[in-house]
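Okay, data.cif now, which holds mmCIF, C-alpha atoms; chains and numbers go by the auth columns:
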data_target
loop_
_atom_site.group_PDB
_atom_site.id
_atom_site.type_symbol
_atom_site.label_atom_id
_atom_site.label_comp_id
_atom_site.label_asym_id
_atom_site.label_seq_id
_atom_site.Cartn_x
_atom_site.Cartn_y
_atom_site.Cartn_z
_atom_site.B_iso_or_equiv
_atom_site.auth_seq_id
_atom_site.auth_asym_id
ATOM 1 C CA MET A 1 17.877 -141.745 8.717 0.00 9 A
ATOM 2 C CA LYS A 2 19.828 -140.512 5.740 0.00 10 A
ATOM 3 C CA LEU A 3 22.318 -137.753 4.993 0.00 11 A
ATOM 4 C CA GLY A 4 21.059 -134.472 3.596 0.00 12 A
ATOM 5 C CA ASN A 5 23.221 -131.663 2.291 0.00 13 A
ATOM 6 C CA ASN A 6 23.297 -128.029 1.297 0.00 14 A
ATOM 7 C CA LEU A 7 25.982 -128.539 -1.264 0.00 15 A
ATOM 8 C CA ARG A 8 24.171 -126.924 -4.149 0.00 16 A
ATOM 9 C CA ARG A 9 23.285 -123.866 -2.053 0.00 17 A
ATOM 10 C CA CYS A 10 26.869 -123.557 -0.865 0.00 18 A
ATOM 11 C CA ARG A 11 28.114 -123.633 -4.454 0.00 19 A
ATOM 12 C CA PHE A 12 25.607 -120.976 -5.388 0.00 20 A
ATOM 13 C CA GLU A 13 26.693 -118.782 -2.506 0.00 21 A
ATOM 14 C CA ALA A 14 30.353 -119.249 -3.469 0.00 22 A
ATOM 15 C CA ASP A 15 30.075 -117.179 -6.652 0.00 23 A
ATOM 16 C CA ASN A 16 28.161 -119.899 -8.421 0.00 24 A
ATOM 17 C CA MET A 17 31.006 -122.392 -8.161 0.00 25 A
ATOM 18 C CA SER A 18 30.636 -125.140 -10.745 0.00 26 A
ATOM 19 C CA GLN A 19 30.522 -128.831 -9.869 0.00 27 A
ATOM 20 C CA GLU A 20 33.661 -129.260 -11.954 0.00 28 A
ATOM 21 C CA LEU A 21 35.570 -126.650 -9.959 0.00 29 A
ATOM 22 C CA LEU A 22 34.429 -128.044 -6.635 0.00 30 A
ATOM 23 C CA SER A 23 35.428 -131.548 -7.737 0.00 31 A
ATOM 24 C CA LYS A 24 38.923 -130.333 -8.638 0.00 32 A
ATOM 25 C CA LYS A 25 39.316 -128.476 -5.347 0.00 33 A
ATOM 26 C CA VAL A 26 38.468 -131.530 -3.240 0.00 34 A
ATOM 27 C CA GLY A 27 40.108 -134.120 -5.499 0.00 35 A
ATOM 28 C CA VAL A 28 37.139 -136.119 -6.736 0.00 36 A
ATOM 29 C CA THR A 29 35.353 -136.501 -10.050 0.00 37 A
ATOM 30 C CA ARG A 30 32.405 -134.394 -11.083 0.00 38 A
ATOM 31 C CA GLN A 31 30.239 -137.524 -10.962 0.00 39 A
ATOM 32 C CA THR A 32 31.053 -137.831 -7.283 0.00 40 A
ATOM 33 C CA VAL A 33 29.949 -134.259 -6.626 0.00 41 A
ATOM 34 C CA ILE A 34 26.721 -134.919 -8.543 0.00 42 A
ATOM 35 C CA SER A 35 26.091 -138.055 -6.476 0.00 43 A
ATOM 36 C CA LEU A 36 26.779 -136.144 -3.270 0.00 44 A
ATOM 37 C CA GLU A 37 24.320 -133.391 -4.137 0.00 45 A
ATOM 38 C CA LYS A 38 21.633 -135.889 -5.020 0.00 46 A
ATOM 39 C CA GLY A 39 22.195 -137.735 -1.786 0.00 47 A
ATOM 40 C CA ARG A 40 23.225 -140.906 -3.629 0.00 48 A
ATOM 41 C CA TYR A 41 26.597 -141.115 -1.964 0.00 49 A
ATOM 42 C CA VAL A 42 27.694 -140.557 1.626 0.00 50 A
ATOM 43 C CA PRO A 43 31.121 -138.908 1.706 0.00 51 A
ATOM 44 C CA SER A 44 33.919 -140.041 3.950 0.00 52 A
ATOM 45 C CA THR A 45 34.803 -137.840 6.907 0.00 53 A
ATOM 46 C CA LEU A 46 37.874 -136.661 5.056 0.00 54 A
ATOM 47 C CA LEU A 47 35.933 -135.630 1.969 0.00 55 A
ATOM 48 C CA ALA A 48 33.257 -133.908 4.048 0.00 56 A
ATOM 49 C CA LEU A 49 35.937 -131.917 5.874 0.00 57 A
ATOM 50 C CA LYS A 50 37.622 -130.972 2.590 0.00 58 A
ATOM 51 C CA ILE A 51 34.302 -129.733 1.199 0.00 59 A
ATOM 52 C CA ALA A 52 33.625 -127.756 4.361 0.00 60 A
ATOM 53 C CA ARG A 53 37.070 -126.175 4.127 0.00 61 A
ATOM 54 C CA VAL A 54 36.457 -125.131 0.513 0.00 62 A
ATOM 55 C CA PHE A 55 33.319 -123.254 1.530 0.00 63 A
ATOM 56 C CA GLY A 56 34.737 -122.012 4.812 0.00 64 A
ATOM 57 C CA LYS A 57 31.885 -123.557 6.775 0.00 65 A
ATOM 58 C CA ALA A 58 31.479 -126.167 9.482 0.00 66 A
ATOM 59 C CA VAL A 59 30.703 -129.685 8.279 0.00 67 A
ATOM 60 C CA GLU A 60 27.313 -129.555 10.047 0.00 68 A
ATOM 61 C CA GLU A 61 26.328 -126.527 7.992 0.00 69 A
ATOM 62 C CA ILE A 62 26.731 -128.547 4.818 0.00 70 A
ATOM 63 C CA PHE A 63 25.759 -132.091 5.827 0.00 71 A
ATOM 64 C CA PHE A 64 22.966 -133.050 8.201 0.00 72 A
ATOM 65 C CA LEU A 65 20.869 -135.998 9.244 0.00 73 A
ATOM 66 C CA GLN A 66 17.447 -136.366 7.690 0.00 74 A
ATOM 67 C CA GLU A 67 14.565 -138.527 8.800 0.00 75 A
ATOM 68 C CA ASP A 68 13.476 -141.033 6.141 0.00 76 A
ATOM 69 C CA MET B 1 52.998 -178.740 -32.089 0.00 3 B
ATOM 70 C CA ASP B 2 51.513 -175.321 -32.832 0.00 4 B
ATOM 71 C CA THR B 3 49.837 -174.676 -36.145 0.00 5 B
ATOM 72 C CA VAL B 4 50.886 -171.720 -38.270 0.00 6 B
ATOM 73 C CA ALA B 5 47.869 -169.700 -37.095 0.00 7 B
ATOM 74 C CA GLU B 6 48.724 -170.399 -33.456 0.00 8 B
ATOM 75 C CA LYS B 7 52.305 -169.336 -33.995 0.00 9 B
ATOM 76 C CA ILE B 8 51.283 -166.103 -35.667 0.00 10 B
ATOM 77 C CA ILE B 9 48.836 -165.245 -32.912 0.00 11 B
ATOM 78 C CA LYS B 10 51.382 -166.061 -30.229 0.00 12 B
ATOM 79 C CA ILE B 11 53.941 -163.825 -31.900 0.00 13 B
ATOM 80 C CA ILE B 12 51.427 -160.979 -32.148 0.00 14 B
ATOM 81 C CA LEU B 13 50.497 -161.375 -28.500 0.00 15 B
ATOM 82 C CA PHE B 14 54.120 -161.483 -27.431 0.00 16 B
ATOM 83 C CA VAL B 15 54.977 -158.347 -29.390 0.00 17 B
ATOM 84 C CA LEU B 16 51.969 -156.454 -28.019 0.00 18 B
ATOM 85 C CA VAL B 17 52.770 -157.413 -24.443 0.00 19 B
ATOM 86 C CA VAL B 18 56.431 -156.423 -24.860 0.00 20 B
ATOM 87 C CA ILE B 19 55.448 -153.058 -26.348 0.00 21 B
ATOM 88 C CA ALA B 20 52.945 -152.449 -23.559 0.00 22 B
ATOM 89 C CA ALA B 21 55.502 -153.369 -20.889 0.00 23 B
ATOM 90 C CA LEU B 22 58.131 -151.114 -22.466 0.00 24 B
ATOM 91 C CA LEU B 23 55.672 -148.218 -22.668 0.00 25 B
ATOM 92 C CA PHE B 24 54.726 -148.785 -19.066 0.00 26 B
ATOM 93 C CA PHE B 25 58.265 -148.468 -17.792 0.00 27 B
ATOM 94 C CA VAL B 26 59.342 -145.781 -20.262 0.00 28 B
ATOM 95 C CA MET B 27 56.354 -143.553 -19.510 0.00 29 B
ATOM 96 C CA LEU B 28 57.012 -143.839 -15.783 0.00 30 B
ATOM 97 C CA ASN B 29 60.275 -141.993 -16.248 0.00 31 B
ATOM 98 C CA ARG B 30 59.302 -139.344 -18.727 0.00 32 B
ATOM 99 C CA LYS B 31 57.787 -135.965 -18.076 0.00 33 B
ATOM 100 C CA ARG B 32 55.251 -136.692 -20.784 0.00 34 B
ATOM 101 C CA SER B 33 53.437 -139.002 -18.391 0.00 35 B
ATOM 102 C CA GLU B 34 52.599 -135.950 -16.275 0.00 36 B
ATOM 103 C CA LYS B 35 49.991 -135.093 -18.874 0.00 37 B
ATOM 104 C CA PHE B 36 48.158 -138.346 -18.340 0.00 38 B
ATOM 105 C CA SER B 37 45.609 -138.559 -15.634 0.00 39 B
ATOM 106 C CA ILE B 38 42.656 -140.602 -14.680 0.00 40 B
ATOM 107 C CA ASP B 39 39.448 -138.760 -15.113 0.00 41 B
ATOM 108 C CA GLU B 40 35.909 -139.998 -15.272 0.00 42 B
ATOM 109 C CA ARG B 41 36.025 -140.374 -19.034 0.00 43 B
ATOM 110 C CA VAL B 42 38.950 -142.789 -18.816 0.00 44 B
ATOM 111 C CA TYR B 43 37.236 -144.629 -15.973 0.00 45 B
ATOM 112 C CA ALA B 44 34.019 -144.951 -17.996 0.00 46 B
ATOM 113 C CA ALA B 45 35.872 -145.882 -21.201 0.00 47 B
ATOM 114 C CA THR B 46 37.871 -148.581 -19.420 0.00 48 B
ATOM 115 C CA HIS B 47 34.789 -150.254 -18.045 0.00 49 B
ATOM 116 C CA LEU B 48 32.920 -149.891 -21.321 0.00 50 B
ATOM 117 C CA ALA B 49 35.851 -151.658 -22.980 0.00 51 B
ATOM 118 C CA GLY B 50 35.538 -154.360 -20.339 0.00 52 B
ATOM 119 C CA ILE B 51 31.845 -154.835 -21.095 0.00 53 B
ATOM 120 C CA ILE B 52 32.533 -155.065 -24.827 0.00 54 B
ATOM 121 C CA CYS B 53 35.439 -157.475 -24.322 0.00 55 B
ATOM 122 C CA GLY B 54 33.338 -159.585 -21.968 0.00 56 B
ATOM 123 C CA ALA B 55 30.401 -159.740 -24.354 0.00 57 B
ATOM 124 C CA ALA B 56 32.643 -160.437 -27.335 0.00 58 B
ATOM 125 C CA GLY B 57 34.401 -163.185 -25.416 0.00 59 B
ATOM 126 C CA LEU B 58 31.133 -164.858 -24.473 0.00 60 B
ATOM 127 C CA VAL B 59 29.933 -164.783 -28.075 0.00 61 B
ATOM 128 C CA ALA B 60 33.286 -166.097 -29.306 0.00 62 B
ATOM 129 C CA ALA B 61 33.228 -168.872 -26.698 0.00 63 B
ATOM 130 C CA PHE B 62 29.962 -170.183 -28.112 0.00 64 B
ATOM 131 C CA ILE B 63 30.899 -169.727 -31.769 0.00 65 B
ATOM 132 C CA TRP B 64 34.455 -171.122 -31.470 0.00 66 B
ATOM 133 C CA PRO B 65 34.496 -173.254 -28.303 0.00 67 B
ATOM 134 C CA LEU B 66 37.722 -175.016 -29.241 0.00 68 B
ATOM 135 C CA GLN B 67 39.519 -172.330 -31.195 0.00 69 B
ATOM 136 C CA ILE B 68 39.062 -169.658 -28.562 0.00 70 B
ATOM 137 C CA ILE B 69 41.576 -171.522 -26.392 0.00 71 B
ATOM 138 C CA GLU B 70 43.714 -173.262 -29.023 0.00 72 B
ATOM 139 C CA LEU B 71 44.225 -170.167 -31.154 0.00 73 B
ATOM 140 C CA HIS B 72 44.527 -167.836 -28.130 0.00 74 B
ATOM 141 C CA ILE B 73 41.577 -165.799 -29.325 0.00 75 B
ATOM 142 C CA TRP B 74 40.556 -165.157 -25.731 0.00 76 B
ATOM 143 C CA GLU B 75 43.813 -163.309 -25.099 0.00 77 B
ATOM 144 C CA LEU B 76 43.296 -161.111 -28.137 0.00 78 B
ATOM 145 C CA ILE B 77 39.770 -160.284 -26.995 0.00 79 B
ATOM 146 C CA ILE B 78 40.836 -159.373 -23.485 0.00 80 B
ATOM 147 C CA LEU B 79 43.842 -157.290 -24.609 0.00 81 B
ATOM 148 C CA PRO B 80 42.060 -153.918 -25.094 0.00 82 B
ATOM 149 C CA PHE B 81 40.755 -154.032 -21.555 0.00 83 B
ATOM 150 C CA ALA B 82 44.135 -155.211 -20.256 0.00 84 B
ATOM 151 C CA PHE B 83 45.902 -152.283 -21.929 0.00 85 B
ATOM 152 C CA MET B 84 43.489 -149.790 -20.434 0.00 86 B
ATOM 153 C CA GLU B 85 44.003 -151.321 -17.003 0.00 87 B
ATOM 154 C CA MET B 86 47.771 -150.981 -17.551 0.00 88 B
ATOM 155 C CA TYR B 87 47.214 -147.293 -18.279 0.00 89 B
ATOM 156 C CA TRP B 88 45.473 -147.021 -14.911 0.00 90 B
ATOM 157 C CA LEU B 89 48.345 -148.729 -13.146 0.00 91 B
ATOM 158 C CA LEU B 90 50.743 -146.384 -14.871 0.00 92 B
ATOM 159 C CA VAL B 91 48.922 -143.282 -13.713 0.00 93 B
ATOM 160 C CA ILE B 92 48.266 -144.609 -10.203 0.00 94 B
ATOM 161 C CA ARG B 93 51.922 -145.516 -9.800 0.00 95 B
ATOM 162 C CA LYS B 94 53.062 -142.217 -11.206 0.00 96 B
ATOM 163 C CA HIS B 95 50.710 -139.967 -9.300 0.00 97 B
ATOM 164 C CA LYS B 96 50.225 -142.110 -6.187 0.00 98 B
ATOM 165 C CA VAL B 97 47.003 -143.919 -5.336 0.00 99 B
ATOM 166 C CA ALA B 98 45.249 -140.891 -3.906 0.00 100 B
ATOM 167 C CA ARG B 99 44.960 -139.339 -7.330 0.00 101 B
ATOM 168 C CA GLY B 100 44.264 -142.551 -9.179 0.00 102 B
ATOM 169 C CA ILE B 101 40.598 -142.949 -8.429 0.00 103 B
ATOM 170 C CA ASP B 102 38.420 -141.115 -5.976 0.00 104 B
ATOM 171 C CA GLU B 103 36.614 -142.646 -3.012 0.00 105 B
ATOM 172 C CA LYS B 104 33.288 -143.036 -4.768 0.00 106 B
ATOM 173 C CA GLN B 105 34.922 -144.838 -7.684 0.00 107 B
ATOM 174 C CA MET B 106 36.607 -147.156 -5.201 0.00 108 B
ATOM 175 C CA PHE B 107 33.243 -147.701 -3.501 0.00 109 B
ATOM 176 C CA ASP B 108 31.634 -148.435 -6.895 0.00 110 B
ATOM 177 C CA LEU B 109 34.403 -150.915 -7.749 0.00 111 B
ATOM 178 C CA HIS B 110 33.836 -152.761 -4.486 0.00 112 B
ATOM 179 C CA ARG B 111 30.141 -153.057 -5.279 0.00 113 B
ATOM 180 C CA ALA B 112 30.954 -154.157 -8.813 0.00 114 B
ATOM 181 C CA ALA B 113 33.296 -156.819 -7.431 0.00 115 B
ATOM 182 C CA ALA B 114 30.502 -158.105 -5.213 0.00 116 B
ATOM 183 C CA LEU B 115 28.207 -158.206 -8.234 0.00 117 B
ATOM 184 C CA ALA B 116 30.821 -160.073 -10.281 0.00 118 B
ATOM 185 C CA TRP B 117 31.227 -162.598 -7.484 0.00 119 B
ATOM 186 C CA SER B 118 27.466 -163.091 -7.274 0.00 120 B
ATOM 187 C CA VAL B 119 27.473 -163.842 -11.023 0.00 121 B
ATOM 188 C CA SER B 120 30.556 -166.035 -11.131 0.00 122 B
ATOM 189 C CA PHE B 121 29.675 -168.126 -8.061 0.00 123 B
ATOM 190 C CA PRO B 122 26.394 -169.601 -9.384 0.00 124 B
ATOM 191 C CA LEU B 123 27.849 -169.732 -12.888 0.00 125 B
ATOM 192 C CA THR B 124 30.700 -171.892 -11.571 0.00 126 B
ATOM 193 C CA ILE B 125 28.165 -174.229 -9.969 0.00 127 B
ATOM 194 C CA VAL B 126 26.164 -174.433 -13.194 0.00 128 B
ATOM 195 C CA LEU B 127 29.305 -175.206 -15.197 0.00 129 B
ATOM 196 C CA PHE B 128 30.329 -177.814 -12.643 0.00 130 B
ATOM 197 C CA VAL B 129 26.952 -179.571 -12.936 0.00 131 B
ATOM 198 C CA LEU B 130 27.135 -179.461 -16.733 0.00 132 B
ATOM 199 C CA TYR B 131 30.620 -180.966 -16.670 0.00 133 B
ATOM 200 C CA GLN B 132 29.658 -183.589 -14.110 0.00 134 B
ATOM 201 C CA ASN B 133 26.833 -184.713 -16.385 0.00 135 B
ATOM 202 C CA SER B 134 29.143 -184.676 -19.425 0.00 136 B
ATOM 203 C CA ILE B 135 27.038 -182.064 -21.157 0.00 137 B
ATOM 204 C CA LEU B 136 30.169 -179.954 -21.493 0.00 138 B
ATOM 205 C CA SER B 137 33.776 -180.982 -21.782 0.00 139 B
ATOM 206 C CA GLY B 138 37.203 -179.550 -22.352 0.00 140 B
ATOM 207 C CA LEU B 139 38.210 -176.019 -21.412 0.00 141 B
ATOM 208 C CA PHE B 140 34.920 -174.385 -22.393 0.00 142 B
ATOM 209 C CA TRP B 141 34.395 -173.327 -18.780 0.00 143 B
ATOM 210 C CA PHE B 142 37.386 -170.990 -18.837 0.00 144 B
ATOM 211 C CA PRO B 143 36.293 -168.379 -21.412 0.00 145 B
ATOM 212 C CA ILE B 144 32.709 -168.527 -20.118 0.00 146 B
ATOM 213 C CA LEU B 145 33.775 -167.825 -16.567 0.00 147 B
ATOM 214 C CA ILE B 146 36.375 -165.188 -17.307 0.00 148 B
ATOM 215 C CA PHE B 147 34.297 -163.197 -19.775 0.00 149 B
ATOM 216 C CA ALA B 148 31.081 -163.408 -17.769 0.00 150 B
ATOM 217 C CA SER B 149 32.953 -162.154 -14.680 0.00 151 B
ATOM 218 C CA LEU B 150 34.592 -159.388 -16.687 0.00 152 B
ATOM 219 C CA ALA B 151 31.292 -158.227 -18.197 0.00 153 B
ATOM 220 C CA ALA B 152 29.540 -158.341 -14.809 0.00 154 B
ATOM 221 C CA TYR B 153 32.346 -156.462 -13.036 0.00 155 B
ATOM 222 C CA CYS B 154 32.707 -153.737 -15.644 0.00 156 B
ATOM 223 C CA GLY B 155 28.971 -153.469 -16.158 0.00 157 B
ATOM 224 C CA GLY B 156 28.454 -153.064 -12.442 0.00 158 B
ATOM 225 C CA ALA B 157 31.240 -150.504 -12.127 0.00 159 B
ATOM 226 C CA LEU B 158 29.832 -148.418 -14.964 0.00 160 B
ATOM 227 C CA TYR B 159 26.256 -148.696 -13.711 0.00 161 B
ATOM 228 C CA TYR B 160 27.115 -147.619 -10.162 0.00 162 B
ATOM 229 C CA PHE B 161 29.344 -144.855 -11.441 0.00 163 B
ATOM 230 C CA ARG B 162 26.687 -143.375 -13.729 0.00 164 B
ATOM 231 C CA ARG B 163 23.700 -143.984 -11.444 0.00 165 B
ATOM 232 C CA GLN B 164 22.684 -140.630 -10.017 0.00 166 B
#
Using the file provided, produce a representation of the structure as C-alpha cells.
Amino acid sequence: MKLGNNLRRCRFEADNMSQELLSKKVGVTRQTVISLEKGRYVPSTLLALKIARVFGKAVEEIFFLQED
Amino acid sequence: MDTVAEKIIKIILFVLVVIAALLFFVMLNRKRSEKFSIDERVYAATHLAGIICGAAGLVAAFIWPLQIIELHIWELIILPFAFMEMYWLLVIRKHKVARGIDEKQMFDLHRAAALAWSVSFPLTIVLFVLYQNSILSGLFWFPILIFASLAAYCGGALYYFRRQ
C-alpha cells in the first residue's frame, strides 16, 4: 500500500494556490511540496495536519491509502 | 620545521578561520542576520560545493599524495564547504532548528549519511588491505577517505533532494 493525495486538486480549488505559497504556509521547501504531490515523500503527521489546516479540510480528504 | 609554503598556507588558513568565526558570532547578534535564511537554493548550493570539494580533494590526493597533507592543501579544498556549513549553523542557531531545514531535507540527509557510510566502510577495508600489503603508505588514506565520504554524502543529499 502507498499514500495517495489530492494535494494538487486542493491547491487548484484554493484559488489556484501555488506550490511556493503552500510551501511557505506549512514551513517546507517547494521541493518538498513537489515530492508530496508526486507521491515521492510521505509527510509526517504534523505536516499532514498543517496542510489540512491550510485547506480547511480533514487529513483524510487530502491523503489516503492506495493499493499498489 | 615548516617550509615557507607551509607557513604561508597555515597563516592563510588561520586568518580565514578567525574571520569566519568572527562573522559567525557577529552575525548572530545583528539584525542583518534576519535577512539570511535557508532555502532550497542554499541547500542545493551547499551540497554541490561539497561534491566539488570532494572530487577536487580526490584528484588532489592522487596528484599530490604527500603535499596534500604536508602543505595543508586538503584544508584549503574543504574550506568552501566548511564555510557554507557554518552559514547553515548560523541560520539554524538564529532561527531555531525548525526553520533550518524541513523534514524532507532531514530525511534526505539521513539517507545521504547512510549512503556515505556504505561508501566509506568498504573503502576503509580496501585501504586497510592496501596498507597491510604495503601497496600504500603514509597518510594517503586520510584525504581519500574524507573526500570520498564528503562527495558521497553531498552527492546523495543532492540526488535525494532533487529526485522527484
Distance cut-off 9 Å, counting only C-alpha atoms - which residues of chain A neighbour chain B? Return them as a ChimeraX atom specification. /A:35-40,42-43,46-52,55
Selection in question (the file shown): the PyMOL selection byres ((chain A and resi 63) around 12). Which residues does it include, as number ranges by chain? A: 14-25, 30, 33-34, 56-62, 64-67, 69-70
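CA of Leu11 (chain A) is positioned 12.6 Å from CA of Thr53 (chain A).
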Shell of 12 Å around Asp76 (chain A), only C-alpha atoms, local chain residues under 2 positions omitted, as a ChimeraX atom specification: /A:9-12,73-74
Deliver the residues from the most recent selection as a file, using C-alpha atoms, as a PDB file, keeping the file's coordinate frame.
ATOM      1  CA  MET A   9      17.877-141.745   8.717  1.00  0.00           C
ATOM      2  CA  LYS A  10      19.828-140.512   5.740  1.00  0.00           C
ATOM      3  CA  LEU A  11      22.318-137.753   4.993  1.00  0.00           C
ATOM      4  CA  GLY A  12      21.059-134.472   3.596  1.00  0.00           C
ATOM      5  CA  LEU A  73      20.869-135.998   9.244  1.00  0.00           C
ATOM      6  CA  GLN A  74      17.447-136.366   7.690  1.00  0.00           C
TER       7      GLN A  74
END
Expand the PyMOL selection byres ((chain B and resi 46-61) around 6) into the explicit residue set it covers here, and present it as a ChimeraX atom specification. /B:42-45,62-64,79-80,83,86,146,149,152-153,156-157
Between CA of Leu132 (chain B) and CA of Leu117 (chain B), what is the distance, to one decimal in Å?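 Straight-line distance from CA of Leu132 (chain B) to CA of Leu117 (chain B) works out to 22.9 Å.
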